[in-house]
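Single-structure report; data block below.
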Amino acid sequence: MAISSIALVSDLLSSFFPQDRDGLLRLLSRDEHTLKVVQSAAPPGSAFETLCHQLAKALIGEDLVFDPLLALLREARQQRHQEIDAFLCAFLVRETASQLARLGPDRLNEWIRYEAPGPLKERLQGKTKDAHTVAAQFPALIQRERGAALKSLSSLWPDHSPETVALDQLIRRWSMVAEPTLSTILPTGAAKPPDPNDLRQFVRTLDRLLVWRALLDASQRPTHQLLVVRGDPEQSLGVFRERVRRDLSNHARLHTVRTFGPGQDHSVATTAGGWAELLCEAIGHAELSLSAALWEDTQRKPALYIVGLNEPLHLGDGGLSKDELSALVDFILTLPAQLPALGAPSPVRLLLPVQVDAALGADDPVFKRIEAAVEAAEATDPRGAVEAVSVGALKLPDFDELRDTLKERARRRPGRVLTEADWAKIRAAHAEAVARRAPFTALAEAIWRALPLWMQEP
């Protein structure tokens with residue numbers, strides 16, 4: 001098990017001041033900020049180990065580890081800079097692991113596979129893809145690669161969220177760690193793999209066209225919509241959510257797309273009012289009522305709100321509690337009364353992506369409750385302005401569904417054409433992936449590998 005951040009700081013203090021309570025407290029009293037920590041978190045008469053633990057906890061809580069604690073230690077122990085550097089690196093690995101763990105294991109794996117820089121992927125070959133193992137590779141990356149890896153995470157969270165603020169801090173703090181020597185940049189004997197180019201973009205544009213088109217059709221109607229889409233864990237519902245968030249808000253689509261839900265900064269939503277407050281915060285008008293915030297957010301163009309910050313809707317780890325699900329149902333039922341009148345301003349669309357049990361499908365209890373709620377909201381809307389729309393279920397696309405996307409990609413390469421041999425190779429890759437019941441992202445990767453090289457160019 002990885003050592004905790006508190007344990008790292010506690011061990012650092014006890015190592016530099018072994019059983020020297022007075023010396024440790026004198027050092028921390030040199031700065032006004034750490035002096036406050038001494039005054040509030042140094043229990044008199046406590047054991048030295050307890051003292052170090054309490055001080056470490058307080059220093060982390062007040063964000064005083066990087067400044068001034070390390071500066072004080074460097075000044076007091078000028079011959080021990082290497083130990084301080086080693087601590088700094090280990091502490092940042094721990095903090096980076098905590099940031100990566102916020103994604104959840106499935107989302108983390110998708111990020112590694114499709115968006116993390118090639119040097120990081122290379123170092124992870126043959127290793128477990130848990131948050132701490134991934135973070136442990138950062139010291140071996142040069143600063144540009146560390147920054148690129150962390151910046152690529154920013155699209156997974158709302159702008160200005162606590163997660164993106166923490167990312168900015170990590171990027172700045174990793175710049176304090178010296179770059180590795182040339183011999184440690186690449187694993188011993190490893191050949192540098194080709195860059196995946198726009199594999200992630202390819203996966204997103206290949207993503208279940210039938211469901212995507214159903215969503216686009218609904219979003220072009222002049223009514224408010226409650227949109228429900230489902231998929232089991234093998235269908236990478238997170239990839240579809242990302243496509244909606246990115247593609248539906250581009251200049252051609254002209255939507256405002258936002259995500260909201262419990263989880264950000266440890267927030268919960270166990271009442272319909274709690275869900276309404278989270279949506280107002282996502283809109284940027286926490287001070288307004290929901291109806292007023294919706295009115296402000298749809299003045300110029302339609303708004304689509306994806307329910308769930310980082311994960312599709314489900315119960316359990318990384319998902320909703322039972323109380324939060326019940327509150328979400330209540331929120332859906334009360335939402336129609338909060339929506340602006342049709343025609344002035346633009347429509348509001350609520351997208352509810354539900355992760356279902358593969359064996360249950362539409363009979364999954366979470367999906368059934370949400371589907372019943374949107375249908376009841378439509379039926380009881382006195383103005384008849386709300387549509388309940390089942391966008392569909394994500395599943396492995398058949399070959400005909402993929403064909404149009406691949407033909408369109410080929411057309412963007414002047415002077416190039418897919419030959420019969422190319423199509424045969426692609427068809428064989430699709431058939432093999434379907435036969436082994438590969439998840440969607442694995443099928444997409446298999447198609448990617450079957451493409452001629454000119455089709456893989458960005």
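Quick note on naming: the chains in the structure tokens go A, B, ... in the order shown, residues restart at 1 in each chain, and ligands are numbered from 1 in order of appearance.
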
Which of stretch 226-391 of chain A counts as helix (DSSP H, G or I) under DSSP, as an mmCIF file with N, CA and C atoms, in the first residue's frame please?
```cif
data_model
loop_
_atom_site.group_PDB
_atom_site.id
_atom_site.type_symbol
_atom_site.label_atom_id
_atom_site.label_comp_id
_atom_site.auth_asym_id
_atom_site.auth_seq_id
_atom_site.Cartn_x
_atom_site.Cartn_y
_atom_site.Cartn_z
ATOM 1 N N PRO A 233 -21.173 -1.492 -18.628
ATOM 2 C CA PRO A 233 -19.780 -1.061 -18.421
ATOM 3 C C PRO A 233 -18.841 -1.357 -19.590
ATOM 4 N N GLU A 234 -19.184 -2.312 -20.438
ATOM 5 C CA GLU A 234 -18.328 -2.645 -21.576
ATOM 6 C C GLU A 234 -18.483 -1.658 -22.727
ATOM 7 N N GLN A 235 -19.499 -0.804 -22.650
ATOM 8 C CA GLN A 235 -19.808 0.064 -23.784
ATOM 9 C C GLN A 235 -19.228 1.467 -23.663
ATOM 10 N N LEU A 237 -19.560 4.227 -21.826
ATOM 11 C CA LEU A 237 -20.490 5.352 -21.822
ATOM 12 C C LEU A 237 -19.769 6.672 -21.588
ATOM 13 N N GLY A 238 -18.641 6.620 -20.872
ATOM 14 C CA GLY A 238 -17.860 7.834 -20.652
ATOM 15 C C GLY A 238 -17.330 8.425 -21.938
ATOM 16 N N VAL A 239 -16.961 7.582 -22.906
ATOM 17 C CA VAL A 239 -16.493 8.074 -24.196
ATOM 18 C C VAL A 239 -17.620 8.804 -24.916
ATOM 19 N N PHE A 240 -18.830 8.257 -24.832
ATOM 20 C CA PHE A 240 -19.978 8.895 -25.473
ATOM 21 C C PHE A 240 -20.286 10.233 -24.805
ATOM 22 N N ARG A 241 -20.215 10.279 -23.486
ATOM 23 C CA ARG A 241 -20.441 11.542 -22.771
ATOM 24 C C ARG A 241 -19.441 12.591 -23.224
ATOM 25 N N GLU A 242 -18.175 12.179 -23.398
ATOM 26 C CA GLU A 242 -17.142 13.118 -23.823
ATOM 27 C C GLU A 242 -17.435 13.635 -25.227
ATOM 28 N N ARG A 243 -17.923 12.751 -26.100
ATOM 29 C CA ARG A 243 -18.254 13.191 -27.453
ATOM 30 C C ARG A 243 -19.374 14.229 -27.413
ATOM 31 N N VAL A 244 -20.393 13.971 -26.602
ATOM 32 C CA VAL A 244 -21.493 14.929 -26.475
ATOM 33 C C VAL A 244 -20.961 16.264 -25.976
ATOM 34 N N ARG A 245 -20.143 16.210 -24.937
ATOM 35 C CA ARG A 245 -19.653 17.446 -24.325
ATOM 36 C C ARG A 245 -18.802 18.261 -25.286
ATOM 37 N N ARG A 246 -17.974 17.586 -26.072
ATOM 38 C CA ARG A 246 -17.084 18.310 -26.975
ATOM 39 C C ARG A 246 -17.758 18.672 -28.296
ATOM 40 N N ASP A 247 -18.401 17.703 -28.910
ATOM 41 C CA ASP A 247 -18.894 17.922 -30.266
ATOM 42 C C ASP A 247 -20.186 18.721 -30.306
ATOM 43 N N GLN A 264 -18.217 16.959 -6.830
ATOM 44 C CA GLN A 264 -17.260 18.041 -6.891
ATOM 45 C C GLN A 264 -17.081 18.646 -5.516
ATOM 46 N N ASP A 265 -15.825 18.693 -5.067
ATOM 47 C CA ASP A 265 -15.518 19.236 -3.744
ATOM 48 C C ASP A 265 -16.329 18.517 -2.662
ATOM 49 N N HIS A 266 -16.544 17.194 -2.875
ATOM 50 C CA HIS A 266 -17.226 16.332 -1.903
ATOM 51 C C HIS A 266 -18.685 16.737 -1.665
ATOM 52 N N ALA A 272 -34.140 17.331 -3.905
ATOM 53 C CA ALA A 272 -34.310 17.944 -5.225
ATOM 54 C C ALA A 272 -33.686 19.332 -5.241
ATOM 55 N N GLY A 273 -33.816 20.071 -4.123
ATOM 56 C CA GLY A 273 -33.205 21.388 -4.036
ATOM 57 C C GLY A 273 -31.687 21.327 -4.126
ATOM 58 N N GLY A 274 -31.092 20.250 -3.577
ATOM 59 C CA GLY A 274 -29.647 20.077 -3.673
ATOM 60 C C GLY A 274 -29.191 19.912 -5.113
ATOM 61 N N TRP A 275 -29.934 19.131 -5.894
ATOM 62 C CA TRP A 275 -29.621 18.974 -7.325
ATOM 63 C C TRP A 275 -29.765 20.312 -8.046
ATOM 64 N N ALA A 276 -30.823 21.065 -7.716
ATOM 65 C CA ALA A 276 -31.027 22.372 -8.343
ATOM 66 C C ALA A 276 -29.853 23.308 -8.039
ATOM 67 N N GLU A 277 -29.357 23.275 -6.796
ATOM 68 C CA GLU A 277 -28.226 24.123 -6.422
ATOM 69 C C GLU A 277 -26.970 23.746 -7.209
ATOM 70 N N LEU A 278 -26.739 22.446 -7.398
ATOM 71 C CA LEU A 278 -25.564 22.012 -8.157
ATOM 72 C C LEU A 278 -25.649 22.478 -9.602
ATOM 73 N N LEU A 279 -26.852 22.435 -10.187
ATOM 74 C CA LEU A 279 -27.005 22.899 -11.565
ATOM 75 C C LEU A 279 -26.778 24.412 -11.642
ATOM 76 N N CYS A 280 -27.298 25.158 -10.690
ATOM 77 C CA CYS A 280 -27.071 26.607 -10.672
ATOM 78 C C CYS A 280 -25.572 26.914 -10.565
ATOM 79 N N GLU A 281 -24.854 26.149 -9.742
ATOM 80 C CA GLU A 281 -23.407 26.349 -9.610
ATOM 81 C C GLU A 281 -22.700 26.048 -10.918
ATOM 82 N N ALA A 282 -23.116 24.986 -11.618
ATOM 83 C CA ALA A 282 -22.503 24.639 -12.895
ATOM 84 C C ALA A 282 -22.753 25.728 -13.933
ATOM 85 N N ILE A 283 -23.920 26.330 -13.884
ATOM 86 C CA ILE A 283 -24.246 27.419 -14.801
ATOM 87 C C ILE A 283 -23.424 28.661 -14.487
ATOM 88 N N LEU A 290 -33.261 28.360 -9.656
ATOM 89 C CA LEU A 290 -33.010 27.538 -10.831
ATOM 90 C C LEU A 290 -33.681 28.126 -12.073
ATOM 91 N N SER A 291 -34.928 28.555 -11.966
ATOM 92 C CA SER A 291 -35.624 29.095 -13.131
ATOM 93 C C SER A 291 -34.900 30.325 -13.677
ATOM 94 N N ALA A 292 -34.405 31.194 -12.782
ATOM 95 C CA ALA A 292 -33.676 32.384 -13.232
ATOM 96 C C ALA A 292 -32.339 32.009 -13.862
ATOM 97 N N ALA A 293 -31.644 31.017 -13.282
ATOM 98 C CA ALA A 293 -30.356 30.583 -13.837
ATOM 99 C C ALA A 293 -30.542 29.973 -15.223
ATOM 100 N N LEU A 294 -31.586 29.159 -15.398
ATOM 101 C CA LEU A 294 -31.861 28.567 -16.705
ATOM 102 C C LEU A 294 -32.177 29.644 -17.737
ATOM 103 N N TRP A 295 -32.942 30.637 -17.325
ATOM 104 C CA TRP A 295 -33.267 31.735 -18.223
ATOM 105 C C TRP A 295 -31.997 32.452 -18.687
ATOM 106 N N GLU A 296 -31.102 32.743 -17.746
ATOM 107 C CA GLU A 296 -29.852 33.425 -18.088
ATOM 108 C C GLU A 296 -28.983 32.583 -19.008
ATOM 109 N N ASP A 297 -28.962 31.256 -18.776
ATOM 110 C CA ASP A 297 -28.051 30.384 -19.514
ATOM 111 C C ASP A 297 -28.526 30.085 -20.934
ATOM 112 N N LYS A 322 -28.112 5.850 -2.703
ATOM 113 C CA LYS A 322 -29.554 5.656 -2.891
ATOM 114 C C LYS A 322 -30.324 6.942 -2.620
ATOM 115 N N ASP A 323 -29.885 7.704 -1.630
ATOM 116 C CA ASP A 323 -30.552 8.970 -1.333
ATOM 117 C C ASP A 323 -30.380 9.965 -2.478
ATOM 118 N N GLU A 324 -29.188 9.985 -3.074
ATOM 119 C CA GLU A 324 -28.956 10.901 -4.193
ATOM 120 C C GLU A 324 -29.785 10.512 -5.412
ATOM 121 N N LEU A 325 -29.945 9.215 -5.649
ATOM 122 C CA LEU A 325 -30.779 8.773 -6.769
ATOM 123 C C LEU A 325 -32.240 9.170 -6.546
ATOM 124 N N SER A 326 -32.746 8.955 -5.336
ATOM 125 C CA SER A 326 -34.126 9.352 -5.041
ATOM 126 C C SER A 326 -34.314 10.859 -5.213
ATOM 127 N N ALA A 327 -33.322 11.628 -4.779
ATOM 128 C CA ALA A 327 -33.405 13.078 -4.927
ATOM 129 C C ALA A 327 -33.356 13.488 -6.395
ATOM 130 N N LEU A 328 -32.561 12.766 -7.202
ATOM 131 C CA LEU A 328 -32.506 13.053 -8.636
ATOM 132 C C LEU A 328 -33.867 12.817 -9.281
ATOM 133 N N VAL A 329 -34.544 11.738 -8.899
ATOM 134 C CA VAL A 329 -35.884 11.465 -9.422
ATOM 135 C C VAL A 329 -36.828 12.615 -9.067
ATOM 136 N N ASP A 330 -36.772 13.080 -7.827
ATOM 137 C CA ASP A 330 -37.608 14.211 -7.414
ATOM 138 C C ASP A 330 -37.266 15.470 -8.214
ATOM 139 N N PHE A 331 -35.985 15.681 -8.461
ATOM 140 C CA PHE A 331 -35.543 16.848 -9.234
ATOM 141 C C PHE A 331 -36.109 16.809 -10.654
ATOM 142 N N ILE A 332 -36.062 15.615 -11.280
ATOM 143 C CA ILE A 332 -36.598 15.480 -12.640
ATOM 144 C C ILE A 332 -38.092 15.797 -12.669
ATOM 145 N N LEU A 333 -38.810 15.314 -11.673
ATOM 146 C CA LEU A 333 -40.264 15.518 -11.631
ATOM 147 C C LEU A 333 -40.624 16.989 -11.438
ATOM 148 N N THR A 334 -39.788 17.721 -10.729
ATOM 149 C CA THR A 334 -40.090 19.138 -10.471
ATOM 150 C C THR A 334 -39.480 20.078 -11.501
ATOM 151 N N LEU A 335 -38.607 19.565 -12.371
ATOM 152 C CA LEU A 335 -37.901 20.426 -13.321
ATOM 153 C C LEU A 335 -38.828 21.143 -14.306
ATOM 154 N N PRO A 336 -39.853 20.483 -14.900
ATOM 155 C CA PRO A 336 -40.674 21.185 -15.902
ATOM 156 C C PRO A 336 -41.212 22.530 -15.434
ATOM 157 N N ALA A 337 -41.565 22.637 -14.179
ATOM 158 C CA ALA A 337 -42.109 23.896 -13.670
ATOM 159 C C ALA A 337 -41.058 25.006 -13.631
ATOM 160 N N GLN A 338 -39.762 24.638 -13.698
ATOM 161 C CA GLN A 338 -38.689 25.625 -13.640
ATOM 162 C C GLN A 338 -38.222 26.078 -15.015
ATOM 163 N N GLY A 361 -29.895 -4.793 -18.680
ATOM 164 C CA GLY A 361 -30.256 -3.853 -19.734
ATOM 165 C C GLY A 361 -31.314 -2.875 -19.280
ATOM 166 N N ALA A 362 -32.419 -2.791 -20.038
ATOM 167 C CA ALA A 362 -33.496 -1.856 -19.719
ATOM 168 C C ALA A 362 -34.214 -2.210 -18.425
ATOM 169 N N ASP A 363 -33.984 -3.400 -17.885
ATOM 170 C CA ASP A 363 -34.594 -3.786 -16.607
ATOM 171 C C ASP A 363 -33.728 -3.411 -15.411
ATOM 172 N N PRO A 365 -32.557 -1.508 -12.373
ATOM 173 C CA PRO A 365 -33.435 -0.706 -11.504
ATOM 174 C C PRO A 365 -33.151 0.790 -11.561
ATOM 175 N N VAL A 366 -31.895 1.195 -11.704
ATOM 176 C CA VAL A 366 -31.589 2.626 -11.805
ATOM 177 C C VAL A 366 -32.172 3.198 -13.084
ATOM 178 N N PHE A 367 -31.976 2.479 -14.185
ATOM 179 C CA PHE A 367 -32.517 2.950 -15.459
ATOM 180 C C PHE A 367 -34.038 3.027 -15.417
ATOM 181 N N LYS A 368 -34.668 2.026 -14.843
ATOM 182 C CA LYS A 368 -36.132 2.014 -14.785
ATOM 183 C C LYS A 368 -36.663 3.211 -13.997
ATOM 184 N N ARG A 369 -36.011 3.546 -12.893
ATOM 185 C CA ARG A 369 -36.472 4.681 -12.099
ATOM 186 C C ARG A 369 -36.306 5.998 -12.857
ATOM 187 N N ILE A 370 -35.173 6.146 -13.521
ATOM 188 C CA ILE A 370 -34.935 7.395 -14.253
ATOM 189 C C ILE A 370 -35.851 7.488 -15.465
ATOM 190 N N GLU A 371 -36.019 6.399 -16.198
ATOM 191 C CA GLU A 371 -36.911 6.415 -17.357
ATOM 192 C C GLU A 371 -38.345 6.731 -16.923
ATOM 193 N N ALA A 372 -38.807 6.126 -15.832
ATOM 194 C CA ALA A 372 -40.153 6.404 -15.339
ATOM 195 C C ALA A 372 -40.290 7.863 -14.922
ATOM 196 N N ALA A 373 -39.225 8.427 -14.352
ATOM 197 C CA ALA A 373 -39.279 9.823 -13.904
ATOM 198 C C ALA A 373 -39.404 10.784 -15.076
ATOM 199 N N VAL A 374 -38.623 10.559 -16.148
ATOM 200 C CA VAL A 374 -38.704 11.488 -17.279
ATOM 201 C C VAL A 374 -40.052 11.365 -17.988
ATOM 202 N N GLU A 375 -40.581 10.143 -18.053
ATOM 203 C CA GLU A 375 -41.892 9.970 -18.686
ATOM 204 C C GLU A 375 -42.992 10.633 -17.850
ATOM 205 N N ALA A 376 -42.882 10.546 -16.520
ATOM 206 C CA ALA A 376 -43.857 11.202 -15.655
ATOM 207 C C ALA A 376 -43.738 12.716 -15.751
ATOM 208 N N ALA A 377 -42.520 13.225 -15.869
ATOM 209 C CA ALA A 377 -42.320 14.665 -15.997
ATOM 210 C C ALA A 377 -42.965 15.185 -17.276
ATOM 211 N N GLU A 378 -42.831 14.423 -18.361
ATOM 212 C CA GLU A 378 -43.471 14.814 -19.625
ATOM 213 C C GLU A 378 -44.998 14.791 -19.485
ATOM 214 N N ALA A 379 -45.511 13.733 -18.868
ATOM 215 C CA ALA A 379 -46.962 13.558 -18.780
ATOM 216 C C ALA A 379 -47.611 14.613 -17.903
ATOM 217 N N THR A 380 -46.908 15.089 -16.891
ATOM 218 C CA THR A 380 -47.514 16.022 -15.947
ATOM 219 C C THR A 380 -47.162 17.475 -16.234
#
```

For this session: Please provide the set of residues having any atom within 7 Å of A:Ala450, restricted to only C-alpha atoms, with same-chain residues fewer than 2 positions apart removed, written as a PyMOL selection string.
Result: chain A and resi 425-426+429+446-448+452

Based on the selection just made, write N, CA and C atoms of those residues as a PDB file, in the first residue's frame.
```
ATOM      1  N   LYS A 425      -9.653  -6.175 -44.838  1.00  0.00           N
ATOM      2  CA  LYS A 425      -8.892  -6.202 -43.588  1.00  0.00           C
ATOM      3  C   LYS A 425      -9.702  -5.571 -42.449  1.00  0.00           C
ATOM      4  N   ILE A 426     -10.386  -4.467 -42.765  1.00  0.00           N
ATOM      5  CA  ILE A 426     -11.204  -3.792 -41.761  1.00  0.00           C
ATOM      6  C   ILE A 426     -12.375  -4.681 -41.343  1.00  0.00           C
ATOM      7  N   ALA A 429     -11.178  -7.403 -39.058  1.00  0.00           N
ATOM      8  CA  ALA A 429     -10.888  -6.906 -37.712  1.00  0.00           C
ATOM      9  C   ALA A 429     -12.180  -6.717 -36.923  1.00  0.00           C
ATOM     10  N   ALA A 446      -9.165  -2.073 -32.617  1.00  0.00           N
ATOM     11  CA  ALA A 446      -8.923  -3.099 -33.625  1.00  0.00           C
ATOM     12  C   ALA A 446      -9.154  -2.526 -35.033  1.00  0.00           C
ATOM     13  N   ILE A 447     -10.195  -1.725 -35.194  1.00  0.00           N
ATOM     14  CA  ILE A 447     -10.441  -1.083 -36.488  1.00  0.00           C
ATOM     15  C   ILE A 447      -9.306  -0.130 -36.834  1.00  0.00           C
ATOM     16  N   TRP A 448      -8.855   0.625 -35.839  1.00  0.00           N
ATOM     17  CA  TRP A 448      -7.757   1.567 -36.049  1.00  0.00           C
ATOM     18  C   TRP A 448      -6.507   0.851 -36.559  1.00  0.00           C
ATOM     19  N   PRO A 452      -5.214   1.467 -43.189  1.00  0.00           N
ATOM     20  CA  PRO A 452      -3.899   1.795 -43.794  1.00  0.00           C
ATOM     21  C   PRO A 452      -3.311   3.010 -43.089  1.00  0.00           C
TER      22      PRO A 452
END
```

Problem set entry | Residue contacts of A:Ala131 (12 Å, only C-alpha atoms) excluding same-chain residues fewer than 3 positions away, as JSON, numbers by chain | {"A": [1, 2, 93, 94, 95, 96, 97, 98, 99, 100, 101, 102, 103, 104, 105, 106, 107, 108, 109, 111, 112, 124, 127, 128, 134, 135, 136, 137, 138]}

Just the selected residues (N, CA and C atoms), exported as a PDB file, in the first residue's frame, please.
```
ATOM      1  N   MET A   1       0.853  -1.195   0.000  1.00  0.00           N
ATOM      2  CA  MET A   1       0.000   0.000   0.000  1.00  0.00           C
ATOM      3  C   MET A   1       0.887   1.243   0.000  1.00  0.00           C
ATOM      4  N   ALA A   2       0.532   2.253  -0.823  1.00  0.00           N
ATOM      5  CA  ALA A   2       1.299   3.480  -0.896  1.00  0.00           C
ATOM      6  C   ALA A   2       1.198   4.248   0.419  1.00  0.00           C
ATOM      7  N   VAL A  93       4.258  12.554  -6.079  1.00  0.00           N
ATOM      8  CA  VAL A  93       3.700  11.300  -6.600  1.00  0.00           C
ATOM      9  C   VAL A  93       2.415  10.956  -5.854  1.00  0.00           C
ATOM     10  N   ARG A  94       2.440  11.111  -4.530  1.00  0.00           N
ATOM     11  CA  ARG A  94       1.254  10.809  -3.728  1.00  0.00           C
ATOM     12  C   ARG A  94       0.101  11.756  -4.084  1.00  0.00           C
ATOM     13  N   GLU A  95       0.384  13.050  -4.229  1.00  0.00           N
ATOM     14  CA  GLU A  95      -0.653  14.025  -4.577  1.00  0.00           C
ATOM     15  C   GLU A  95      -1.197  13.781  -5.983  1.00  0.00           C
ATOM     16  N   THR A  96      -0.319  13.403  -6.901  1.00  0.00           N
ATOM     17  CA  THR A  96      -0.759  13.103  -8.268  1.00  0.00           C
ATOM     18  C   THR A  96      -1.631  11.857  -8.283  1.00  0.00           C
ATOM     19  N   ALA A  97      -1.266  10.853  -7.486  1.00  0.00           N
ATOM     20  CA  ALA A  97      -2.081   9.640  -7.393  1.00  0.00           C
ATOM     21  C   ALA A  97      -3.476   9.960  -6.873  1.00  0.00           C
ATOM     22  N   SER A  98      -3.561  10.851  -5.895  1.00  0.00           N
ATOM     23  CA  SER A  98      -4.872  11.248  -5.368  1.00  0.00           C
ATOM     24  C   SER A  98      -5.708  11.923  -6.445  1.00  0.00           C
ATOM     25  N   GLN A  99      -5.058  12.744  -7.272  1.00  0.00           N
ATOM     26  CA  GLN A  99      -5.774  13.415  -8.360  1.00  0.00           C
ATOM     27  C   GLN A  99      -6.272  12.397  -9.387  1.00  0.00           C
ATOM     28  N   LEU A 100      -5.420  11.457  -9.758  1.00  0.00           N
ATOM     29  CA  LEU A 100      -5.800  10.443 -10.749  1.00  0.00           C
ATOM     30  C   LEU A 100      -6.897   9.540 -10.214  1.00  0.00           C
ATOM     31  N   ALA A 101      -6.881   9.265  -8.908  1.00  0.00           N
ATOM     32  CA  ALA A 101      -7.891   8.382  -8.312  1.00  0.00           C
ATOM     33  C   ALA A 101      -9.287   8.979  -8.403  1.00  0.00           C
ATOM     34  N   ARG A 102      -9.393  10.293  -8.553  1.00  0.00           N
ATOM     35  CA  ARG A 102     -10.698  10.928  -8.668  1.00  0.00           C
ATOM     36  C   ARG A 102     -11.425  10.514  -9.949  1.00  0.00           C
ATOM     37  N   LEU A 103     -10.671  10.030 -10.919  1.00  0.00           N
ATOM     38  CA  LEU A 103     -11.300   9.614 -12.172  1.00  0.00           C
ATOM     39  C   LEU A 103     -12.063   8.304 -12.029  1.00  0.00           C
ATOM     40  N   GLY A 104     -11.679   7.463 -11.099  1.00  0.00           N
ATOM     41  CA  GLY A 104     -12.229   6.118 -11.036  1.00  0.00           C
ATOM     42  C   GLY A 104     -11.428   5.211 -11.958  1.00  0.00           C
ATOM     43  N   PRO A 105     -11.360   3.918 -11.688  1.00  0.00           N
ATOM     44  CA  PRO A 105     -10.479   3.018 -12.445  1.00  0.00           C
ATOM     45  C   PRO A 105     -10.816   2.932 -13.930  1.00  0.00           C
ATOM     46  N   ASP A 106     -12.102   2.900 -14.299  1.00  0.00           N
ATOM     47  CA  ASP A 106     -12.451   2.784 -15.720  1.00  0.00           C
ATOM     48  C   ASP A 106     -12.067   4.036 -16.488  1.00  0.00           C
ATOM     49  N   ARG A 107     -12.372   5.181 -15.916  1.00  0.00           N
ATOM     50  CA  ARG A 107     -12.050   6.446 -16.589  1.00  0.00           C
ATOM     51  C   ARG A 107     -10.553   6.648 -16.659  1.00  0.00           C
ATOM     52  N   LEU A 108      -9.832   6.247 -15.613  1.00  0.00           N
ATOM     53  CA  LEU A 108      -8.373   6.353 -15.625  1.00  0.00           C
ATOM     54  C   LEU A 108      -7.785   5.522 -16.752  1.00  0.00           C
ATOM     55  N   ASN A 109      -8.287   4.297 -16.911  1.00  0.00           N
ATOM     56  CA  ASN A 109      -7.770   3.425 -17.956  1.00  0.00           C
ATOM     57  C   ASN A 109      -8.047   4.005 -19.344  1.00  0.00           C
ATOM     58  N   TRP A 111      -8.351   7.175 -20.055  1.00  0.00           N
ATOM     59  CA  TRP A 111      -7.446   8.318 -20.241  1.00  0.00           C
ATOM     60  C   TRP A 111      -6.052   7.838 -20.621  1.00  0.00           C
ATOM     61  N   ILE A 112      -5.562   6.816 -19.946  1.00  0.00           N
ATOM     62  CA  ILE A 112      -4.231   6.285 -20.266  1.00  0.00           C
ATOM     63  C   ILE A 112      -4.190   5.802 -21.712  1.00  0.00           C
ATOM     64  N   LEU A 124       4.295   2.590 -18.779  1.00  0.00           N
ATOM     65  CA  LEU A 124       3.267   1.786 -18.109  1.00  0.00           C
ATOM     66  C   LEU A 124       3.078   0.408 -18.735  1.00  0.00           C
ATOM     67  N   LYS A 127       2.590  -2.868 -16.655  1.00  0.00           N
ATOM     68  CA  LYS A 127       2.360  -2.516 -15.258  1.00  0.00           C
ATOM     69  C   LYS A 127       0.867  -2.410 -14.967  1.00  0.00           C
ATOM     70  N   THR A 128       0.516  -2.529 -13.696  1.00  0.00           N
ATOM     71  CA  THR A 128      -0.867  -2.316 -13.275  1.00  0.00           C
ATOM     72  C   THR A 128      -1.229  -0.853 -13.482  1.00  0.00           C
ATOM     73  N   VAL A 134       0.564   4.742 -11.938  1.00  0.00           N
ATOM     74  CA  VAL A 134       0.662   5.755 -12.989  1.00  0.00           C
ATOM     75  C   VAL A 134       1.437   6.969 -12.475  1.00  0.00           C
ATOM     76  N   ALA A 135       1.081   7.449 -11.275  1.00  0.00           N
ATOM     77  CA  ALA A 135       1.756   8.626 -10.723  1.00  0.00           C
ATOM     78  C   ALA A 135       3.237   8.364 -10.487  1.00  0.00           C
ATOM     79  N   ALA A 136       3.584   7.118 -10.159  1.00  0.00           N
ATOM     80  CA  ALA A 136       4.974   6.785  -9.868  1.00  0.00           C
ATOM     81  C   ALA A 136       5.876   6.898 -11.086  1.00  0.00           C
ATOM     82  N   GLN A 137       5.283   7.003 -12.290  1.00  0.00           N
ATOM     83  CA  GLN A 137       6.088   7.153 -13.510  1.00  0.00           C
ATOM     84  C   GLN A 137       6.476   8.608 -13.758  1.00  0.00           C
ATOM     85  N   PHE A 138       5.822   9.553 -13.088  1.00  0.00           N
ATOM     86  CA  PHE A 138       6.053  10.965 -13.386  1.00  0.00           C
ATOM     87  C   PHE A 138       7.490  11.426 -13.146  1.00  0.00           C
TER      88      PHE A 138
END
```

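Of the residues listed (A:Ala86, A:Ala148, A:Leu350, A:Leu402), A:Leu350 shows the shortest atom-to-atom separation from A:Val386; distances use only C-alpha atoms.
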
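From atom CA of A:Thr259 back to atom CA of A:Ala116, the distance works out to 22.3 Å.
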
For this session: Apply DSSP to the backbone of this structure and, from stretch 293-326 of chain A, keep only the residues in strand (DSSP E or B); write these as an MDAnalysis selection string.
Result: chainID A and resid 303:307 313 315 320

Exercise. Which is closest to A:Ser249 among A:Pro347, A:Gly319, A:Pro302, A:Gly392, if we use only C-alpha atoms?
Worked result: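 For A:Ser249, the nearest of the given residues is A:Pro302.
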
Problem set entry | Pick from A:Arg30, A:Arg412, A:Lys57, A:Arg437 nearest to A:Ala42, counting only C-alpha atoms | A:Lys57

Exercise. Can you tell me how far atom CA of A:Ile84 sits from atom CA of A:Val177, in Å to one decimal?
Worked result: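 Separation between atom CA of A:Ile84 and atom CA of A:Val177: 10.7 Å.
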
Problem set entry | Interatomic distance (Å, one decimal) between atom CA of A:Val389 and atom CA of A:Leu227 | 4.8 Å

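For A:Arg427, the set of protein, DNA and RNA residues having any atom at most 12 Å away, when counting only C-alpha atoms and skipping those fewer than 3 positions along the same chain, is Asp398, Phe399, Asp400, Glu401, Leu402, Arg403, Leu406, Glu420, Ala421, Asp422, Trp423, Ala424, His430, Ala431, Glu432, Ala433, Val434, Leu443, Ala446, Ile447, Trp448, Arg449, Ala450 and Leu451 of chain A.
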
Exercise. Restricting the calculation to only C-alpha atoms, which member of A:Leu35, A:Gln299, A:Asp381, A:Gln19 is positioned closest to A:Ala47?
Worked result: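 The shortest atom-to-atom distance to A:Ala47 comes from A:Gln19.
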